[in-house]
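Novice: I'm passing along final11.cif; it holds mmCIF, C-alpha atoms.
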data_my_file
loop_
_atom_site.label_atom_id
_atom_site.label_comp_id
_atom_site.auth_asym_id
_atom_site.auth_seq_id
_atom_site.Cartn_x
_atom_site.Cartn_y
_atom_site.Cartn_z
CA MET V 8 232.45 -146.26 36.13
CA LYS V 9 230.93 -144.67 33.03
CA PHE V 10 233.28 -142.55 30.97
CA ILE V 11 231.95 -140.01 28.51
CA ALA V 12 234.29 -138.47 25.98
CA ARG V 13 233.73 -134.76 25.57
CA THR V 14 236.24 -133.36 23.14
CA THR V 15 236.54 -130.50 20.75
CA LEU V 16 238.80 -130.69 17.77
CA LEU V 17 240.86 -127.51 17.67
CA PHE V 18 242.20 -126.47 14.31
CA PHE V 19 244.79 -123.78 13.85
CA PHE V 20 246.17 -121.60 11.13
CA SER V 21 249.19 -119.41 10.77
CA CYS V 22 250.34 -116.44 8.82
CA ALA V 23 253.51 -115.33 7.13
CA THR V 24 255.20 -112.04 6.26
CA VAL V 25 256.68 -109.62 8.78
CA PHE V 26 255.24 -109.39 12.30
CA SER V 27 257.55 -106.83 13.83
CA GLN V 28 254.53 -105.13 15.36
CA HIS V 29 254.06 -108.10 17.70
CA LYS V 30 255.97 -108.43 20.91
CA THR V 31 259.21 -110.35 21.16
CA ILE V 32 260.48 -112.64 23.86
CA SER V 33 264.03 -113.43 24.89
CA ARG V 34 265.82 -116.72 24.38
CA ALA V 35 265.59 -117.39 28.12
CA GLU V 36 261.83 -116.74 28.10
CA ALA V 37 261.35 -118.99 25.07
CA GLN V 38 263.32 -121.77 26.73
CA ALA V 39 261.29 -121.35 29.91
CA ASP V 40 258.06 -121.70 27.92
CA ILE V 41 259.33 -124.88 26.28
CA ASP V 42 260.35 -126.27 29.66
CA THR V 43 256.87 -125.53 31.01
CA LEU V 44 255.23 -127.09 27.97
CA ILE V 45 257.17 -130.34 28.30
CA ARG V 46 256.75 -130.49 32.07
CA VAL V 47 252.96 -130.10 31.88
CA VAL V 48 252.68 -132.70 29.13
CA TYR V 49 254.89 -135.07 31.15
CA GLU V 50 252.74 -134.58 34.26
CA THR V 51 249.41 -134.83 32.43
CA HIS V 52 249.57 -137.26 29.52
CA PRO V 53 248.69 -140.90 30.31
CA ASP V 54 251.19 -142.41 27.85
CA MET V 55 253.40 -139.65 26.51
CA TYR V 56 255.93 -141.91 24.80
CA ALA V 57 253.54 -144.27 23.04
CA ALA V 58 254.65 -143.12 19.57
CA ILE V 59 258.22 -141.92 20.22
CA SER V 60 260.86 -142.94 22.74
CA ARG V 61 261.68 -140.62 25.59
CA GLU V 62 265.28 -140.35 24.40
CA ALA V 63 264.27 -139.38 20.86
CA PHE V 64 261.73 -136.82 22.08
CA GLU V 65 264.12 -135.19 24.54
CA GLU V 66 266.73 -134.99 21.79
CA GLU V 67 264.26 -133.06 19.62
CA VAL V 68 263.44 -130.75 22.52
CA GLU V 69 267.12 -129.92 22.98
CA LYS V 70 267.52 -129.28 19.25
CA VAL V 71 264.69 -126.75 19.34
CA LYS V 72 265.96 -125.01 22.48
CA SER V 73 269.53 -124.78 21.23
CA ALA V 74 268.40 -123.26 17.91
CA LEU V 75 266.56 -120.34 19.54
CA PRO V 76 267.98 -116.88 18.77
CA ASP V 77 268.58 -114.23 21.43
CA SER V 78 265.25 -112.60 20.66
CA LEU V 79 262.26 -113.82 18.65
CA THR V 80 258.70 -112.92 17.81
CA ILE V 81 255.77 -115.06 18.92
CA LEU V 82 255.42 -116.41 15.41
CA GLU V 83 259.11 -117.31 15.28
CA PHE V 84 258.71 -119.06 18.61
CA TYR V 85 255.79 -121.05 17.24
CA LYS V 86 257.85 -122.12 14.23
CA GLN V 87 260.32 -123.69 16.66
CA ALA V 88 258.18 -124.94 19.55
CA GLY V 89 255.33 -125.99 17.27
CA LEU V 90 257.44 -128.90 16.05
CA LEU V 91 257.37 -130.71 19.40
CA LEU V 92 253.84 -131.85 20.29
CA PRO V 93 253.09 -133.39 16.86
CA LEU V 94 255.90 -135.88 17.59
CA LEU V 95 253.55 -137.50 20.13
CA GLN V 96 251.04 -138.34 17.36
CA ASP V 97 248.03 -137.45 19.49
CA GLY V 98 245.28 -135.41 17.87
CA HIS V 99 244.18 -134.00 21.23
CA THR V 100 247.65 -132.86 22.30
CA SER V 101 248.61 -129.85 20.21
CA MET V 102 249.78 -126.25 20.23
CA GLN V 103 247.50 -123.44 19.14
CA LEU V 104 248.26 -120.03 17.69
CA PRO V 105 247.39 -116.71 19.37
CA SER V 106 243.85 -115.60 18.65
CA GLU V 107 245.00 -112.25 17.24
CA LEU V 108 246.79 -114.08 14.44
CA ARG V 109 243.93 -116.42 13.74
CA LYS V 110 241.47 -113.56 13.37
CA ASN V 111 243.52 -111.13 11.28
CA GLY V 112 241.96 -111.30 7.82
CA GLU V 113 244.47 -108.79 6.44
CA LEU V 114 247.44 -111.15 6.71
CA PRO V 115 249.03 -111.91 3.31
CA VAL V 116 248.84 -115.64 2.56
CA PHE V 117 249.37 -118.00 -0.36
CA PRO V 118 246.89 -116.84 -3.01
CA TYR V 119 244.97 -120.11 -3.57
CA PRO V 120 242.93 -122.40 -1.36
CA LEU V 121 244.26 -125.92 -1.71
CA ILE V 122 243.15 -129.51 -1.31
CA PRO V 123 245.91 -132.03 -0.49
CA LEU V 124 245.93 -135.17 -2.63
CA ALA V 125 247.09 -138.66 -1.71
CA ASP V 126 250.32 -138.22 -3.70
CA SER V 127 251.12 -135.05 -1.67
CA THR V 128 250.41 -132.69 -4.54
CA PHE V 129 247.71 -130.05 -4.23
CA ARG V 130 244.57 -129.31 -6.18
CA ILE V 131 242.89 -125.92 -6.40
CA PRO V 132 239.16 -126.30 -5.55
CA GLY V 133 236.96 -125.84 -8.59
CA SER V 134 239.94 -126.02 -10.92
CA PRO V 135 241.60 -128.87 -12.87
CA LYS V 136 245.03 -127.51 -11.92
CA THR V 137 247.31 -129.76 -9.84
CA ILE V 138 250.11 -127.81 -8.15
CA LEU V 139 253.49 -129.50 -8.53
CA SER V 140 255.81 -127.00 -6.84
CA ILE V 141 255.85 -123.63 -5.10
CA ASN V 142 258.87 -121.40 -5.62
CA GLY V 143 260.79 -124.44 -6.78
CA VAL V 144 259.91 -126.58 -3.75
CA PRO V 145 258.13 -129.80 -4.78
CA SER V 146 254.61 -130.15 -3.41
CA ASN V 147 255.44 -133.32 -1.49
CA ALA V 148 258.25 -131.46 0.33
CA VAL V 149 255.84 -128.63 1.16
CA MET V 150 253.33 -131.10 2.57
CA GLU V 151 256.01 -132.93 4.56
CA THR V 152 257.00 -129.64 6.20
CA ILE V 153 253.40 -128.71 7.02
CA LEU V 154 252.71 -132.10 8.56
CA ARG V 155 255.50 -131.57 11.07
CA TYR V 156 253.33 -128.89 12.71
CA ASN V 157 250.05 -130.75 12.72
CA SER V 158 249.06 -133.10 15.55
CA GLY V 159 247.18 -136.29 14.81
CA GLU V 160 247.37 -140.05 14.92
CA SER V 161 247.66 -140.82 11.21
CA VAL V 162 249.35 -139.04 8.31
CA ALA V 163 246.16 -139.19 6.26
CA PHE V 164 244.19 -137.46 9.01
CA ARG V 165 246.86 -134.82 9.53
CA MET V 166 246.82 -134.06 5.79
CA LYS V 167 243.08 -133.50 5.87
CA ARG V 168 243.07 -131.71 9.20
CA ASN V 169 244.98 -128.67 7.96
CA GLU V 170 243.19 -128.46 4.62
CA ASP V 171 241.34 -125.23 5.37
CA TYR V 172 244.51 -123.50 6.52
CA LEU V 173 247.01 -124.48 3.85
CA PRO V 174 247.28 -120.95 2.36
CA ALA V 175 248.31 -119.50 5.74
CA LEU V 176 250.57 -122.41 6.63
CA ILE V 177 252.43 -122.15 3.33
CA ALA V 178 252.89 -118.41 3.84
CA LEU V 179 254.21 -119.03 7.34
CA LEU V 180 256.69 -121.74 6.36
CA TYR V 181 257.60 -120.44 2.87
CA PRO V 182 257.26 -116.63 3.13
CA ALA V 183 257.78 -114.76 -0.13
CA GLU V 184 256.86 -111.51 -1.83
CA GLN V 185 255.58 -113.53 -4.76
CA TYR V 186 254.98 -117.20 -5.56
CA THR V 187 256.05 -118.98 -8.71
CA ILE V 188 253.63 -121.86 -9.01
CA ALA V 189 254.24 -124.86 -11.26
CA TYR V 190 251.12 -126.86 -12.09
CA SER V 191 249.86 -129.50 -14.45
CA LEU V 192 246.77 -129.12 -16.60
CA ASN V 193 245.54 -131.74 -19.06
CA GLY V 194 248.88 -133.50 -18.96
CA GLU V 195 250.95 -130.38 -19.65
CA LYS V 196 253.09 -128.33 -17.25
CA PHE V 197 252.72 -124.57 -16.79
CA THR V 198 253.97 -121.87 -14.41
CA GLU V 199 252.45 -118.67 -13.13
CA THR V 200 253.50 -116.00 -10.66
CA ARG V 201 251.14 -114.60 -8.04
CA GLU V 202 251.48 -112.21 -5.11
CA PRO V 203 250.11 -113.11 -1.65
CA GLU V 204 246.47 -112.28 -0.95
CA PRO V 205 244.81 -111.12 2.29
CA TRP V 206 243.67 -114.14 4.30
CA LYS V 207 240.04 -112.96 4.23
CA ASN V 208 240.05 -113.21 0.42
CA VAL V 209 241.34 -116.78 0.29
CA GLN V 210 238.63 -119.23 1.22
CA SER V 211 239.21 -122.94 0.91
CA LYS V 212 235.59 -123.95 0.50
CA PRO V 213 232.05 -122.53 0.62
CA THR V 214 230.64 -121.97 4.08
CA GLU V 215 228.94 -125.10 5.40
CA PRO V 216 225.28 -124.89 6.46
CA GLY V 217 224.91 -123.96 10.12
CA PHE V 218 223.24 -126.97 11.72
CA ASP V 219 224.17 -129.82 14.05
CA TYR V 220 221.99 -132.51 12.49
CA ARG V 221 219.06 -132.89 10.15
CA TYR V 222 217.34 -135.65 8.20
CA GLU V 223 215.41 -136.14 5.00
CA PHE V 224 213.45 -138.98 3.39
CA LEU V 225 214.74 -140.24 0.03
CA GLU V 226 211.51 -141.67 -1.31
CA ASP V 227 212.90 -143.35 -4.44
CA LYS V 228 215.22 -145.46 -2.25
CA ASN V 229 212.88 -145.88 0.72
CA CYS V 230 215.79 -144.50 2.71
CA MET V 231 216.19 -141.98 5.53
CA TYR V 232 219.31 -139.80 5.39
CA LEU V 233 220.68 -138.32 8.64
CA ASP V 234 223.31 -135.61 8.14
CA PHE V 235 225.05 -135.66 11.53
CA ARG V 236 227.46 -132.71 11.82
CA GLU V 237 228.02 -132.19 15.56
CA PHE V 238 227.95 -134.27 18.76
CA ASN V 239 226.29 -131.43 20.62
CA ASN V 240 223.23 -130.99 22.90
CA THR V 241 222.10 -134.45 24.04
CA GLU V 242 218.51 -133.44 24.80
CA LYS V 243 218.01 -131.80 21.41
CA PHE V 244 219.51 -134.81 19.65
CA ALA V 245 217.33 -137.23 21.62
CA ALA V 246 214.24 -135.29 20.52
CA LEU V 247 215.41 -135.35 16.91
CA LEU V 248 215.98 -139.13 17.06
CA ALA V 249 212.49 -139.70 18.46
CA SER V 250 211.06 -137.71 15.55
CA LEU V 251 213.35 -139.38 13.00
CA PHE V 252 212.64 -142.97 14.00
CA GLY V 253 208.95 -142.24 14.47
CA GLU V 254 208.93 -141.07 10.85
CA ILE V 255 210.91 -144.16 9.82
CA GLN V 256 208.35 -146.45 11.43
CA LYS V 257 205.43 -144.53 9.98
CA ARG V 258 206.82 -144.74 6.45
CA GLY V 259 208.15 -148.28 6.73
CA VAL V 260 211.66 -147.13 5.82
CA ALA V 261 214.07 -149.99 5.08
CA HIS V 262 217.40 -148.13 5.01
CA LEU V 263 219.11 -145.51 7.16
CA ILE V 264 222.23 -143.59 6.12
CA VAL V 265 224.10 -141.75 8.89
CA ASP V 266 226.54 -139.30 7.33
CA LEU V 267 229.47 -138.60 9.68
CA ARG V 268 231.80 -137.14 7.04
CA ARG V 269 231.55 -133.56 8.34
CA ASN V 270 231.49 -134.48 12.02
CA GLY V 271 234.60 -133.83 14.13
CA GLY V 272 233.39 -135.21 17.46
CA GLY V 273 232.06 -133.89 20.75
CA ASN V 274 229.93 -135.48 23.46
CA SER V 275 229.85 -139.27 23.10
CA GLU V 276 226.48 -139.47 24.88
CA LEU V 277 224.88 -138.62 21.52
CA GLY V 278 226.39 -141.79 20.09
CA ASP V 279 224.81 -143.78 22.92
CA GLU V 280 221.43 -142.26 22.08
CA LEU V 281 221.71 -143.30 18.44
CA LEU V 282 222.84 -146.80 19.37
CA GLN V 283 219.68 -147.24 21.45
CA TYR V 284 217.77 -147.24 18.15
CA ILE V 285 220.10 -149.13 15.82
CA SER V 286 222.06 -151.62 17.93
CA PRO V 287 220.63 -155.18 17.93
CA VAL V 288 222.25 -155.96 21.30
CA PRO V 289 223.34 -154.15 24.48
CA PHE V 290 226.39 -152.06 23.67
CA ARG V 291 229.19 -149.91 25.00
CA GLN V 292 231.42 -147.47 23.13
CA TYR V 293 234.38 -147.68 25.52
CA GLY V 294 235.85 -150.58 27.42
CA ASP V 295 239.05 -149.75 29.27
CA VAL V 296 240.11 -146.21 30.13
CA THR V 297 243.48 -145.07 31.46
CA VAL V 298 243.33 -141.80 33.43
CA ARG V 299 246.23 -139.61 34.53
CA TYR V 300 245.38 -137.70 37.70
CA SER V 301 247.70 -134.74 38.18
CA ASP V 302 247.93 -131.20 39.50
CA PRO V 303 247.35 -129.65 36.03
CA VAL V 304 244.17 -131.71 35.58
CA ARG V 305 242.82 -130.88 39.04
CA SER V 306 243.49 -127.18 38.47
CA ALA V 307 241.60 -127.38 35.17
CA TYR V 308 238.61 -129.09 36.79
CA PRO V 309 238.53 -127.90 40.42
CA ASP V 310 234.85 -128.83 40.91
CA TRP V 311 235.06 -132.40 39.66
CA GLY V 312 236.22 -133.94 42.92
CA LEU V 313 239.11 -135.77 41.29
CA GLN V 314 241.27 -137.97 43.49
CA PRO V 315 244.00 -135.97 45.28
CA GLU V 316 246.86 -138.40 44.60
CA ASN V 317 248.93 -138.07 41.44
CA ALA V 318 248.64 -141.42 39.67
CA ILE V 319 247.90 -143.24 36.46
CA VAL V 320 244.80 -145.38 37.03
CA HIS V 321 243.46 -148.01 34.63
CA TYR V 322 239.71 -148.62 34.72
CA SER V 323 238.17 -151.70 33.15
CA ASP V 324 234.41 -151.75 32.82
CA ASN V 325 232.86 -154.28 30.44
CA GLU V 326 229.28 -153.90 31.62
CA LEU V 327 227.16 -153.26 28.55
CA ILE V 328 224.52 -150.55 28.36
CA PRO V 329 221.12 -152.27 28.24
CA LEU V 330 218.64 -151.45 25.52
CA ARG V 331 215.77 -149.32 26.83
CA PRO V 332 212.18 -150.20 25.95
CA ASN V 333 211.77 -148.40 22.64
CA PRO V 334 208.78 -148.62 20.32
CA TYR V 335 210.81 -147.08 17.48
CA ARG V 336 213.87 -149.35 17.58
CA PHE V 337 215.17 -149.77 14.03
CA ALA V 338 217.45 -152.74 14.70
CA GLY V 339 216.00 -155.83 13.04
CA HIS V 340 213.76 -153.77 10.75
CA GLY V 341 216.24 -152.28 8.28
CA LYS V 342 219.85 -151.70 7.32
CA VAL V 343 222.15 -148.97 8.59
CA TYR V 344 225.12 -147.42 6.76
CA LEU V 345 227.60 -144.99 8.35
CA LEU V 346 229.61 -142.74 6.02
CA THR V 347 233.14 -141.88 7.19
CA ARG V 348 236.28 -140.13 5.99
CA LYS V 349 239.82 -139.44 7.14
CA GLU V 350 238.63 -136.52 9.25
CA THR V 351 236.13 -138.66 11.16
CA PHE V 352 237.63 -138.14 14.58
CA SER V 353 237.17 -138.48 18.34
CA ALA V 354 233.61 -139.33 19.45
CA THR V 355 232.60 -139.75 15.81
CA ALA V 356 235.16 -142.51 15.28
CA ASP V 357 234.13 -144.10 18.59
CA LEU V 358 230.55 -144.35 17.36
CA ALA V 359 231.72 -145.90 14.09
CA TRP V 360 233.67 -148.56 16.00
CA ALA V 361 230.70 -149.41 18.23
CA VAL V 362 228.38 -149.66 15.22
CA GLN V 363 230.78 -152.04 13.53
CA PHE V 364 231.72 -154.06 16.62
CA PHE V 365 228.12 -154.68 17.74
CA GLY V 366 226.78 -155.32 14.25
CA ALA V 367 224.54 -152.25 14.17
CA GLY V 368 225.49 -151.28 10.63
CA LYS V 369 228.11 -151.13 7.88
CA ILE V 370 230.83 -148.50 7.45
CA VAL V 371 231.17 -146.91 4.00
CA GLY V 372 233.97 -144.55 3.03
CA GLU V 373 237.47 -144.10 4.37
CA GLU V 374 239.35 -145.30 7.43
CA THR V 375 238.59 -142.91 10.28
CA GLY V 376 241.24 -140.42 11.33
CA GLY V 377 240.41 -141.08 14.97
CA TRP V 378 241.88 -144.36 16.19
CA ILE V 379 240.09 -147.15 18.04
CA VAL V 380 242.59 -146.80 20.88
CA CYS V 381 243.48 -143.13 21.33
CA PHE V 382 244.03 -140.26 23.70
CA LYS V 383 241.39 -137.63 24.37
CA ASP V 384 239.75 -135.40 26.98
CA SER V 385 242.30 -132.61 27.03
CA ILE V 386 243.08 -129.67 29.27
CA THR V 387 244.10 -126.29 27.86
CA ARG V 388 246.98 -124.26 29.29
CA ARG V 389 248.72 -121.04 28.31
CA LEU V 390 252.44 -120.38 28.26
CA ALA V 391 253.57 -117.46 30.42
CA HIS V 392 255.89 -115.61 28.05
CA SER V 393 254.71 -116.34 24.50
CA GLY V 394 251.02 -116.46 25.45
CA LEU V 395 250.51 -119.49 23.19
CA SER V 396 247.87 -121.98 24.29
CA TYR V 397 248.19 -125.73 24.05
CA ASP V 398 246.08 -128.80 24.76
CA VAL V 399 247.14 -131.99 26.52
CA SER V 400 245.22 -135.28 26.72
CA TRP V 401 244.80 -136.85 30.14
CA LYS V 402 242.87 -140.01 29.24
CA LYS V 403 243.46 -142.96 26.96
CA PHE V 404 240.29 -144.61 25.67
CA TYR V 405 239.95 -148.12 24.33
CA GLY V 406 237.03 -148.85 22.04
CA TYR V 407 234.99 -151.68 23.50
CA GLY V 408 236.76 -154.97 22.83
CA ALA V 409 239.91 -153.24 21.58
CA ALA V 410 243.50 -153.66 22.77
CA ASN V 411 246.74 -151.72 22.36
CA GLU V 412 247.33 -153.18 18.92
CA HIS V 413 244.24 -151.36 17.60
CA THR V 414 246.35 -148.32 16.79
CA HIS V 415 244.48 -147.54 13.60
CA GLY V 416 241.17 -146.07 12.57
CA VAL V 417 237.91 -147.89 12.01
CA LEU V 418 238.32 -149.80 8.76
CA PRO V 419 235.35 -149.43 6.41
CA ASP V 420 233.35 -152.46 5.32
CA TYR V 421 233.09 -150.79 1.92
CA PRO V 422 236.22 -148.68 1.26
CA VAL V 423 235.53 -145.82 -1.16
CA ALA V 424 236.68 -142.22 -1.44
CA GLU V 425 234.79 -139.90 0.88
CA GLU V 426 233.21 -137.89 -1.91
CA GLU V 427 231.82 -141.09 -3.42
CA ALA V 428 230.50 -142.67 -0.21
CA LEU V 429 226.91 -141.43 -0.45
CA THR V 430 226.54 -142.20 -4.15
CA TYR V 431 228.09 -145.63 -3.65
CA THR V 432 225.66 -146.41 -0.85
CA LEU V 433 222.60 -145.27 -2.77
CA GLU V 434 223.54 -146.92 -6.07
CA ARG V 435 225.47 -150.03 -5.04
CA LEU V 436 224.20 -151.04 -1.60
CA ILE V 437 220.57 -149.90 -1.57
CA LEU V 438 219.04 -151.74 -4.51
#
Write the structure described by the file as C-alpha cells, please.
Specialist:
Amino acid sequence: MKFIARTTLLFFFSCATVFSQHKTISRAEAQADIDTLIRVVYETHPDMYAAISREAFEEEVEKVKSALPDSLTILEFYKQAGLLLPLLQDGHTSMQLPSELRKNGELPVFPYPLIPLADSTFRIPGSPKTILSINGVPSNAVMETILRYNSGESVAFRMKRNEDYLPALIALLYPAEQYTIAYSLNGEKFTETREPEPWKNVQSKPTEPGFDYRYEFLEDKNCMYLDFREFNNTEKFAALLASLFGEIQKRGVAHLIVDLRRNGGGNSELGDELLQYISPVPFRQYGDVTVRYSDPVRSAYPDWGLQPENAIVHYSDNELIPLRPNPYRFAGHGKVYLLTRKETFSATADLAWAVQFFGAGKIVGEETGGWIVCFKDSITRRLAHSGLSYDVSWKKFYGYGAANEHTHGVLPDYPVAEEEALTYTLERLIL
C-alpha cells in the first residue's frame, strides 16, 4: 500500500486586551468542549501517549477543567484549553484560534516584531537590540510560557513556529496598557516604555515572494539553485523539474542546491518526483505507517472507502519505488545539497531523510523540525460551544529504514545556522 502524506502546517496567533464584545460560554459548556476535545483525540490519534503518560495528561486535563470560572470569553477559554494539545508534542495535533480573531488587524499587540534566539531572548528584526525582559518578566520566562501553547515535536521547532505571531501571543499572555522593555545594545542595558500597536502595523518580516518553486543558474559556481517553497501541484512541479534538469544537462551543471528553508510541507508526491532525478538507487520516503481508523476519521473522509471497523492498523511496505527511464537523471553526474532549518517540517523533512538515507545528496543547515518518525495527516473538527477548531493526527509515519528511536529531526551532514546555509554551501562546499 502506498501512503502519501498530504499535510498543511497551520499556524495561529492570538490577541490581548479586552474582548467583552465576543460571546461568553458557561463553565459547563467549556467543560463539555474540553471533554469533546479529549474524546476525539483519544478516538483518533494513533499513539496519543507517546510523549506523555496517560495519567500525567489526564491530571493536566482535570487541572484545566477545575480552574474554569463560571463564565468566560472564547479567548479566556483558549488560554485554558490551549495548554492541553501541546503536551502531546505532535505538530499536526493542535488547537486553532477563531478566524475573527486571526483577521482583526485592529487588535492591540506588543509593539515590536520579534525573533526568538537560542538563549530564549528576543531580537528585533533590523535592529541590534536584544530584549531581556518585558514588564519585568525575563525573556526566557516569556518564551517558556508561549511554548506551552505551541504544538510541535521539538522545542527548537516550536520556538521558530510561532515567530511571526510573537507580538500577538505576548499581548494575549501578558496583557498591559503599556510595556516596559529592557534590552541590551552594544553591551549596555537600557529600558523604554511603549504602548501596544494595532496588529496590522506590527509585521515580523517583509512579505515573502508569492511562488511555490523557481530556479536560477549561478554561472560562477556552475550551480543550479532551486528555491522550493511549497509541496503543491504535482503536475506543475513535474513540468518544472523536466525544464530544470533539461537545463542542467544542456549547461553541464555540476552542482544542485535545493533550498527547503522556507518550505513547510504539503504533498509528498512532489518529493518522489524530485527523487526520480537525484536518487542513485530505487527509493521510498516512508516505510511503516500506523493508521487509526475511527468514526471521526470516516466522517472527515466519507468518500475514501475507509474500513468500517475501529482499529489501529500497522502497515509495513518496504518495496522501493523503481527509477523511471529518465534522460535527464542527475544522479551520478553532479552533487546535490539540501538546505534545511528548524522549521523544515512534515513532507519537507521526509524528503530530507530520503535524500540522506539513499545517498542522493548532503544536508546543510539545521536539524529539521519535523521528525523522522512522526504523526501527520490530520482531521479538523470544531468544538460546539466555543467554536474553536482543532486538528488531530490519525497516522504515524516512519521514514524508510527508521524505527521508534528515530524521534528526532534529520541531522545535517554540515550543521550551520539557517541564515548561513546557502553561503556556506557556495563558498565552502562548491569549490
Novice: Find the residues of stretch 31-118 of chain V that sit at most 12 Å from stretch 339-353 of chain V; for each, write down the nearest two atoms and how far apart they are in Å, to one decimal. Count all atoms listed in the file. Sort by chain, then by number going up, and give it as JSON lines.
Specialist:
{"residue": "V:Asp97", "atom": "CA", "partner": "V:Ser353", "partner_atom": "CA", "distance": 11.0}
{"residue": "V:Gly98", "atom": "CA", "partner": "V:Ser353", "partner_atom": "CA", "distance": 8.7}
{"residue": "V:His99", "atom": "CA", "partner": "V:Ser353", "partner_atom": "CA", "distance": 8.8}
Novice: Need the neighbours of (247.4, -130.7, -0.3): which residues are at most 8 Å away, counting only C-alpha atoms, as a list in words?
Specialist: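 Within 8 Å of (247.4, -130.7, -0.3), the protein and nucleic acid residues are Leu121, Ile122, Pro123, Leu124, Ser127, Thr128, Phe129, Arg130, Ser146, Met150, Met166, Glu170 and Leu173 of chain V.
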Novice: Please identify every residue of stretch 54-143 of chain V that has at least one atom no farther than 9 Å from an atom of stretch 41-45 of chain V, counting only C-alpha atoms, and for each give the shortest atom pair and the distance in Å to one decimal, arranged by chain then increasing number, as JSON lines.
Specialist:
{"residue": "V:Val68", "atom": "CA", "partner": "V:Ile41", "partner_atom": "CA", "distance": 8.1}
{"residue": "V:Val71", "atom": "CA", "partner": "V:Ile41", "partner_atom": "CA", "distance": 9.0}
{"residue": "V:Lys72", "atom": "CA", "partner": "V:Ile41", "partner_atom": "CA", "distance": 7.6}
{"residue": "V:Ala88", "atom": "CA", "partner": "V:Ile41", "partner_atom": "CA", "distance": 6.8}
{"residue": "V:Leu91", "atom": "CA", "partner": "V:Ile45", "partner_atom": "CA", "distance": 8.9}
{"residue": "V:Leu92", "atom": "CA", "partner": "V:Ile45", "partner_atom": "CA", "distance": 8.8}
Novice: Extract, using only C-alpha atoms, all DNA, RNA and protein residues at most 12 Å from V:Ala189, discarding same-chain residues fewer than 5 positions from it, and format them as a list in words.
Specialist: Thr128, Phe129, Arg130, Lys136, Thr137, Ile138, Leu139, Ser140, Ile141, Asn142, Gly143, Val144, Pro145, Ser146, Glu195, Lys196, Phe197, Thr198, Glu199, Thr200 and Arg201 of chain V
Novice: As an exercise, work out the distance from atom CA of V:Arg268 to atom CA of V:Leu154 in Å and give it to one decimal place.
Specialist: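 That distance, rounded to one decimal, is 21.6 Å.
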Novice: Here is a test: counting only C-alpha atoms, which residue of V:Val149, V:Met231, V:Val265, V:Leu281 is nearest to V:Ala249?
Specialist: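 Nearest to V:Ala249: V:Leu281.
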Novice: Using all atoms listed in the file, which residue out of V:Ser301, V:Ser393, V:Asn208, V:Thr51 lies closest to V:Val116?
Specialist: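 Of V:Ser301, V:Ser393, V:Asn208, V:Thr51, the one nearest V:Val116, counting all atoms listed in the file, is V:Asn208.
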Novice: For the provided coordinates, the residues matched by the PyMOL selection byres ((chain V and resi 373) around 8) should be stated as a list in words.
Specialist: Thr347, Arg348, Lys349, Val371, Gly372, Glu374, Thr375, Leu418, Pro419, Pro422, Val423, Ala424 and Glu425 of chain V
Novice: Considering only C-alpha atoms, return as a list in words whatever protein or nucleic-acid residues lie within 12 Å of V:Pro287, sequence-local ones (same chain, fewer than 4 positions apart) excluded.
Specialist: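 Non-adjacent residues within range: Leu281, Leu282, Gln283, Pro329, Leu330, Arg331, Arg336, Phe337, Ala338, Gly339, His340, Gly341, Lys342, Val343, Ala361, Val362, Gln363, Phe364, Phe365, Gly366, Ala367 and Gly368 of chain V.
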Novice: Would you work out the distance separating atom CA of V:Pro332 from atom CA of V:Tyr284, expressed in Å to one decimal?
Specialist: 10.0 Å
